[in-house]
Amino acid sequence: PEGYCADPSLFQGTCLLALLQRLKEAHTLPDPRNVTMAQLFDKIRDVVFGKLSDDTWTSAYDSAYQYLKQFAREKPVPNIRTHPAKTLLAACYLAVLMVSDDNVSVSLVFLDGQKRFNGQRIEIGECP
């Protein structure tokens with residue numbers, strides 16, 4: 001997650017960038033290379049939160065932000081190998097933070113060619 005969030009093209013092709021370009025406010029987005037992951041989440045929230053249109057969006061957005069803020073503070077930052085459920089939830093919440101949607105789902109499929117589970121379903125645990 002840290003590498004993804006530090007990518008200089010993070011905002012390219014996103015609903016967030018399109019919205020801010022339309023409002024002539026794209027310059028308010030942080031450069032992902034120059035901030036920590038926690039600072040990135042703070043700065044995105046600062047740009048977006050006042051523009052949300054209703055209580056549904058505000059509630060979903062704040063929940064996403066609170067989760068991501070805590071996620072970014074964990075040391076080491078969780079990743080898909082160490083904490084799959086936390087990391088997948090963070091990916092969903094990042095979509096919300098970047099105003100892609102207020103309701104996001106995710107599925108994960110491991111394709112590595114190894115016979116590990118013999119067709120059995122494996123639970124990764126409760127989402128926090």
# chains A, B, ... in the order shown; residues from 1 in each chain; ligands from 1

$ residues_around --residues "segment 78-84 of chain A" --least-positions-apart "3" --cutoff "9 Å" --atoms "only C-alpha atoms" --output "MDAnalysis selection string"
chainID A and resid 1:2 71:72 74:75 87:89 124:125

$ closest_residue --among "A:Thr56, A:Ser9, A:Thr36, A:Gln21" --to "Lys69 of chain A" --atoms "only C-alpha atoms"
A:Thr36

$ residues_around --residues "segment 5-8 of chain A" --least-positions-apart "3" --cutoff "12 Å" --atoms "only C-alpha atoms" --output "short mmCIF file (atom, residue, chain, number, x, y, z; two decimals) with all heavy atoms, in the first residue's frame"
data_model
loop_
_atom_site.label_atom_id
_atom_site.label_comp_id
_atom_site.auth_asym_id
_atom_site.auth_seq_id
_atom_site.Cartn_x
_atom_site.Cartn_y
_atom_site.Cartn_z
N PRO A 1 0.79 -1.22 0.00
CA PRO A 1 0.00 0.00 0.00
C PRO A 1 0.83 1.28 0.00
O PRO A 1 0.46 2.24 -0.65
CB PRO A 1 -0.81 -0.12 1.30
CG PRO A 1 -0.83 -1.56 1.63
CD PRO A 1 0.44 -2.13 1.06
N GLU A 2 1.97 1.26 0.70
CA GLU A 2 2.78 2.48 0.75
C GLU A 2 3.34 2.83 -0.63
O GLU A 2 3.33 4.00 -1.01
CB GLU A 2 3.92 2.32 1.75
CG GLU A 2 3.45 2.31 3.18
CD GLU A 2 4.56 2.07 4.17
OE1 GLU A 2 5.19 0.99 4.11
OE2 GLU A 2 4.79 2.95 5.01
N PHE A 11 -3.39 9.79 -8.90
CA PHE A 11 -4.68 10.44 -9.17
C PHE A 11 -5.10 10.36 -10.64
O PHE A 11 -6.26 10.67 -10.95
CB PHE A 11 -4.63 11.90 -8.73
CG PHE A 11 -4.37 12.06 -7.26
CD1 PHE A 11 -3.18 12.62 -6.80
CD2 PHE A 11 -5.30 11.65 -6.31
CE1 PHE A 11 -2.94 12.77 -5.45
CE2 PHE A 11 -5.06 11.78 -4.96
CZ PHE A 11 -3.88 12.35 -4.53
N GLN A 12 -4.21 9.95 -11.51
CA GLN A 12 -4.53 9.90 -12.93
C GLN A 12 -5.70 8.95 -13.20
O GLN A 12 -5.71 7.83 -12.72
CB GLN A 12 -3.31 9.47 -13.75
CG GLN A 12 -2.16 10.45 -13.69
CD GLN A 12 -2.54 11.86 -14.13
OE1 GLN A 12 -3.19 12.06 -15.15
NE2 GLN A 12 -2.14 12.84 -13.34
N LEU A 29 -4.51 18.98 -4.84
CA LEU A 29 -4.13 17.60 -4.50
C LEU A 29 -2.63 17.55 -4.16
O LEU A 29 -1.82 18.21 -4.81
CB LEU A 29 -4.41 16.65 -5.66
CG LEU A 29 -5.88 16.35 -5.93
CD1 LEU A 29 -6.02 15.56 -7.22
CD2 LEU A 29 -6.49 15.60 -4.76
N PRO A 30 -2.28 16.74 -3.17
CA PRO A 30 -0.86 16.64 -2.82
C PRO A 30 -0.09 15.81 -3.85
O PRO A 30 -0.67 14.99 -4.55
CB PRO A 30 -0.91 15.89 -1.48
CG PRO A 30 -2.16 15.07 -1.55
CD PRO A 30 -3.14 15.91 -2.34
N ASP A 31 1.20 16.03 -3.90
CA ASP A 31 2.08 15.17 -4.69
C ASP A 31 2.36 13.94 -3.83
O ASP A 31 2.99 14.06 -2.77
CB ASP A 31 3.37 15.91 -5.03
CG ASP A 31 4.31 15.09 -5.89
OD1 ASP A 31 4.21 13.83 -5.89
OD2 ASP A 31 5.14 15.69 -6.58
N PRO A 32 1.89 12.76 -4.24
CA PRO A 32 2.06 11.56 -3.41
C PRO A 32 3.50 11.23 -3.06
O PRO A 32 3.75 10.56 -2.06
CB PRO A 32 1.44 10.45 -4.26
CG PRO A 32 0.56 11.13 -5.22
CD PRO A 32 1.17 12.48 -5.47
N ARG A 33 4.44 11.71 -3.85
CA ARG A 33 5.86 11.43 -3.59
C ARG A 33 6.39 12.21 -2.40
O ARG A 33 7.43 11.86 -1.84
CB ARG A 33 6.70 11.75 -4.82
CG ARG A 33 6.36 10.92 -6.03
CD ARG A 33 7.03 11.44 -7.25
NE ARG A 33 6.47 12.77 -7.55
CZ ARG A 33 6.75 13.48 -8.63
NH1 ARG A 33 7.61 13.01 -9.51
NH2 ARG A 33 6.19 14.65 -8.84
N ASN A 34 5.69 13.29 -2.02
CA ASN A 34 6.23 14.21 -1.02
C ASN A 34 5.53 14.14 0.34
O ASN A 34 5.76 15.01 1.18
CB ASN A 34 6.16 15.64 -1.54
CG ASN A 34 6.98 15.82 -2.79
OD1 ASN A 34 8.00 15.15 -2.99
ND2 ASN A 34 6.56 16.72 -3.65
N VAL A 35 4.67 13.15 0.53
CA VAL A 35 3.95 13.03 1.80
C VAL A 35 3.93 11.57 2.25
O VAL A 35 4.09 10.66 1.43
CB VAL A 35 2.49 13.54 1.68
CG1 VAL A 35 2.46 15.04 1.45
CG2 VAL A 35 1.73 12.81 0.58
N THR A 36 3.75 11.36 3.52
CA THR A 36 3.57 9.99 4.02
C THR A 36 2.17 9.52 3.63
O THR A 36 1.32 10.33 3.21
CB THR A 36 3.69 9.93 5.55
OG1 THR A 36 2.59 10.66 6.13
CG2 THR A 36 5.02 10.49 6.04
N MET A 37 1.92 8.26 3.78
CA MET A 37 0.60 7.73 3.47
C MET A 37 -0.46 8.39 4.37
O MET A 37 -1.54 8.77 3.89
CB MET A 37 0.59 6.20 3.63
CG MET A 37 -0.61 5.54 3.02
SD MET A 37 -0.45 3.75 2.80
CE MET A 37 -0.15 3.18 4.45
N ALA A 38 -0.18 8.57 5.64
CA ALA A 38 -1.12 9.22 6.55
C ALA A 38 -1.37 10.66 6.13
O ALA A 38 -2.53 11.13 6.13
CB ALA A 38 -0.60 9.16 7.98
N GLN A 39 -0.33 11.38 5.76
CA GLN A 39 -0.50 12.76 5.30
C GLN A 39 -1.30 12.82 4.00
O GLN A 39 -2.12 13.72 3.81
CB GLN A 39 0.86 13.42 5.08
CG GLN A 39 1.63 13.67 6.36
CD GLN A 39 3.08 14.06 6.10
OE1 GLN A 39 3.70 13.65 5.11
NE2 GLN A 39 3.64 14.84 7.00
N LEU A 40 -1.08 11.85 3.12
CA LEU A 40 -1.84 11.79 1.88
C LEU A 40 -3.33 11.68 2.17
O LEU A 40 -4.14 12.42 1.61
CB LEU A 40 -1.37 10.59 1.03
CG LEU A 40 -2.13 10.38 -0.27
CD1 LEU A 40 -1.73 11.44 -1.30
CD2 LEU A 40 -1.84 8.98 -0.82
N PHE A 41 -3.70 10.77 3.07
CA PHE A 41 -5.10 10.60 3.41
C PHE A 41 -5.67 11.88 4.02
O PHE A 41 -6.79 12.28 3.70
CB PHE A 41 -5.29 9.42 4.36
CG PHE A 41 -4.83 8.10 3.80
CD1 PHE A 41 -4.38 7.10 4.64
CD2 PHE A 41 -4.84 7.84 2.44
CE1 PHE A 41 -3.97 5.87 4.15
CE2 PHE A 41 -4.42 6.62 1.92
CZ PHE A 41 -3.99 5.64 2.78
N ILE A 44 -6.09 14.52 1.15
CA ILE A 44 -7.22 14.21 0.27
C ILE A 44 -8.53 14.56 0.99
O ILE A 44 -9.42 15.19 0.42
CB ILE A 44 -7.21 12.73 -0.15
CG1 ILE A 44 -6.02 12.43 -1.05
CG2 ILE A 44 -8.52 12.37 -0.87
CD1 ILE A 44 -5.81 10.95 -1.35
N LEU A 68 -8.59 4.48 7.23
CA LEU A 68 -7.32 4.66 6.54
C LEU A 68 -6.29 5.38 7.42
O LEU A 68 -5.10 5.07 7.38
CB LEU A 68 -7.53 5.42 5.23
CG LEU A 68 -8.23 4.62 4.15
CD1 LEU A 68 -8.64 5.53 2.99
CD2 LEU A 68 -7.35 3.48 3.65
N ALA A 72 -2.75 3.60 8.23
CA ALA A 72 -1.47 4.22 7.89
C ALA A 72 -0.56 4.36 9.10
O ALA A 72 0.66 4.44 8.95
CB ALA A 72 -1.70 5.57 7.24
N ALA A 90 -8.72 -1.60 3.30
CA ALA A 90 -8.06 -0.31 3.03
C ALA A 90 -8.18 0.05 1.55
O ALA A 90 -8.42 1.21 1.20
CB ALA A 90 -6.60 -0.35 3.47
N ALA A 91 -8.03 -0.92 0.67
CA ALA A 91 -8.17 -0.66 -0.77
C ALA A 91 -9.57 -0.17 -1.10
O ALA A 91 -9.76 0.76 -1.89
CB ALA A 91 -7.83 -1.91 -1.57
N LEU A 94 -9.94 3.34 0.22
CA LEU A 94 -9.23 4.32 -0.60
C LEU A 94 -10.09 4.75 -1.79
O LEU A 94 -10.12 5.92 -2.14
CB LEU A 94 -7.89 3.76 -1.08
CG LEU A 94 -7.04 4.73 -1.90
CD1 LEU A 94 -6.72 6.00 -1.11
CD2 LEU A 94 -5.75 4.05 -2.34
N ALA A 95 -10.85 3.81 -2.35
CA ALA A 95 -11.77 4.18 -3.44
C ALA A 95 -12.81 5.17 -2.95
O ALA A 95 -13.16 6.12 -3.65
CB ALA A 95 -12.43 2.92 -4.00
N MET A 98 -11.32 8.63 -2.45
CA MET A 98 -11.09 9.31 -3.72
C MET A 98 -12.40 9.48 -4.51
O MET A 98 -12.37 9.62 -5.73
CB MET A 98 -10.00 8.58 -4.50
CG MET A 98 -8.68 8.72 -3.76
SD MET A 98 -7.25 7.90 -4.47
CE MET A 98 -7.19 8.43 -6.12
#

$ closest_residue --among "A:Asp62, A:Val77, A:Arg22, A:Leu17" --to "Val96 of chain A" --atoms "only C-alpha atoms"
A:Asp62

$ atom_distance --atom1 "atom CA of Val99 of chain A" --atom2 "atom CA of Cys15 of chain A"
6.3 Å

$ atom_distance --atom1 "atom CA of Tyr65 of chain A" --atom2 "atom CA of Thr28 of chain A"
17.9 Å
